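A.B. asks: Here you go, one structure.
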Amino acid sequence: MSRIRVAIQKSGRLSESSLGLLQSCGLRFAKSKDKLFWYGQDFPVDLLLVRDDDIPRLLLDGVCELGIVGQNIAREVMLERNGGSGLEELRPLQFGGCRLSLAVPEASTASSAKDLDGARIATSYPALTRALLEEQGVSARIVELSGSVEIAPGLGTADAISDLVSTGTTLRANHLRELQELFRSTAALYRSAAPMSEESSTLLDRLLARLDGVLQAQE
Ligand code: PRP
Ligand code: ZN
Ligand code: MG
């Protein structure tokens with residue numbers, strides 16, 4: 001009997017909604033607070049609780065079949081690792097909305113992305129930022145940071161940032177001004193594009209049927 005593993009964020013903006021959505025599909029888990037693996041009780045779907053940034057790689061490496069993660073992270077990892085492919089978005093979800101935006105110091109005279117040609121841009125999304133800027137003919141010098149991107153301009157290590165914005169509080173607190181939105185993102189359910197066993201794909205269809213019922217009821 002095959003089982004399906006779903007990776008979700010352990011703690012953060014997507015955690016509660018991801019778990020809640022799966023529970024709304026009738027899934028029950030034998031959970032233990034400190035464990036990363038939750039066993040599915042009445043349906044052969046298990047959970048893996050991990051850092052959101054690791055979810056696309058876990059799918060590409062075949063560690064799990066499904067994952068719930070932001071489109072921004074999925075796109076970034078596909079561009080970095082796989083020429084832009086390797087994951088299939090099964091369903092966009094109604095939570096985790098945010099935007100990847102360029103922001104500059106309040107005093108900057110820049111008025112659009114074009115004004116950042118040749119500028120140093122700090123980001124945790126180097127491949128996605130570079131690709132989206134290239135589409136606009138802007139060539140940037142990417143300064144890759146894994147976190148606290150918003151402090152880079154103040155420290156003098158970057159001229160601008162490309163980071164997620166949701167309420168705008170982080171930008172305001174760091175005297176940054178949103179210059180231009182590059183990418184709109186929401187959480188989504190992904191699967192690896194690698195082929196699945198027939199048994200697993202039947203199981204996936206059953207899960208998706210339940211999910212579609214839940215998503216329709218939420219509309
Ligand atoms: C994003 C981003 C900012 C914050 C912006 O972080 O990096 O820190 O959210 O939100 P705001 O506009 O509401 O202030 P995220 O939630 O992805 O956390 P992480 O960087 O720790 O992954
Ligand atoms: Zn994160
Ligand atoms: Mg952050």
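Chain identifiers are assigned as A, B, and so on, following the order in which chains appear in the structure tokens; residues are numbered from 1 within each chain, and ligands are numbered from 1 in order of appearance.
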Residues up to 7 Å from ligand 2, counting only C-alpha atoms and all ligand atoms: could you list those as a PyMOL selection string?
C.D. replies: chain A and resi 51-53
A.B. asks: Based on the selection just made, write N, CA and C atoms of those residues as a JSON list (two decimals), in the first residue's frame.
C.D. replies:
[["chain", "number", "residue", "atom", "x", "y", "z"],
["A", 51, "ARG", "N", 11.21, 23.72, 6.95],
["A", 51, "ARG", "CA", 11.31, 25.14, 6.58],
["A", 51, "ARG", "C", 10.73, 25.32, 5.17],
["A", 52, "ASP", "N", 9.96, 26.38, 4.98],
["A", 52, "ASP", "CA", 9.33, 26.57, 3.68],
["A", 52, "ASP", "C", 10.34, 26.59, 2.53],
["A", 53, "ASP", "N", 11.50, 27.21, 2.78],
["A", 53, "ASP", "CA", 12.50, 27.32, 1.71],
["A", 53, "ASP", "C", 13.02, 25.96, 1.25]]
A.B. asks: Set the distance at 9 Å and use only C-alpha atoms: which residues neighbour stretch 60-71 of chain A once local chain neighbours fewer than 6 positions away are removed? I'd like the list as a PyMOL selection string.
C.D. replies: chain A and resi 4-9+14+18+48+52-53+78+81-82+86-87+89+92-93+96-98+184-194+196+200
A.B. asks: Using DSSP secondary structure from the backbone, list all strand (DSSP E) positions within stretch 93-141 of chain A, as a ChimeraX atom specification.
C.D. replies: /A:98-105,120-123,141
A.B. asks: Counting only C-alpha atoms and all ligand atoms, name the residues that have an atom within 9 Å of an atom of ligand 3; the answer should be given as a PDB file with C-alpha atoms, in the first residue's frame.
C.D. replies:
ATOM      1  CA  SER A 124      16.912  36.230  -0.904  1.00  0.00           C
ATOM      2  CA  SER A 146      19.391  34.733   3.371  1.00  0.00           C
ATOM      3  CA  GLY A 147      17.551  37.158   5.649  1.00  0.00           C
ATOM      4  CA  SER A 148      17.303  40.729   6.994  1.00  0.00           C
ATOM      5  CA  VAL A 149      17.501  41.971   3.423  1.00  0.00           C
ATOM      6  CA  GLU A 150      15.819  45.208   4.452  1.00  0.00           C
ATOM      7  CA  ASP A 163      11.941  41.314  -1.096  1.00  0.00           C
ATOM      8  CA  LEU A 164       8.494  40.086  -0.131  1.00  0.00           C
ATOM      9  CA  VAL A 165       6.045  42.729   0.971  1.00  0.00           C
ATOM     10  CA  THR A 170       9.011  46.102   7.298  1.00  0.00           C
TER      11      THR A 170
END
A.B. asks: Considering only C-alpha atoms and all ligand atoms, can you say which of A:Lys114, A:Lys31, A:Arg177, A:Arg57 comes closest to ligand 1?
C.D. replies: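 Closest to ligand 1, using only C-alpha atoms and all ligand atoms: A:Arg177.
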A.B. asks: Considering only C-alpha atoms, state which residue in the set A:Leu58, A:Leu203, A:Met1, A:Val104 is at the smallest distance from A:Gly156.
C.D. replies: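 Once distances to A:Gly156 are computed over only C-alpha atoms, the minimum belongs to A:Val104.
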A.B. asks: Could you tell me how far atom CA of A:Val50 sits from atom CA of A:Gly168, in Å to one decimal place?
C.D. replies: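 Atom CA of A:Val50 lies at a distance of 26.3 Å from atom CA of A:Gly168.
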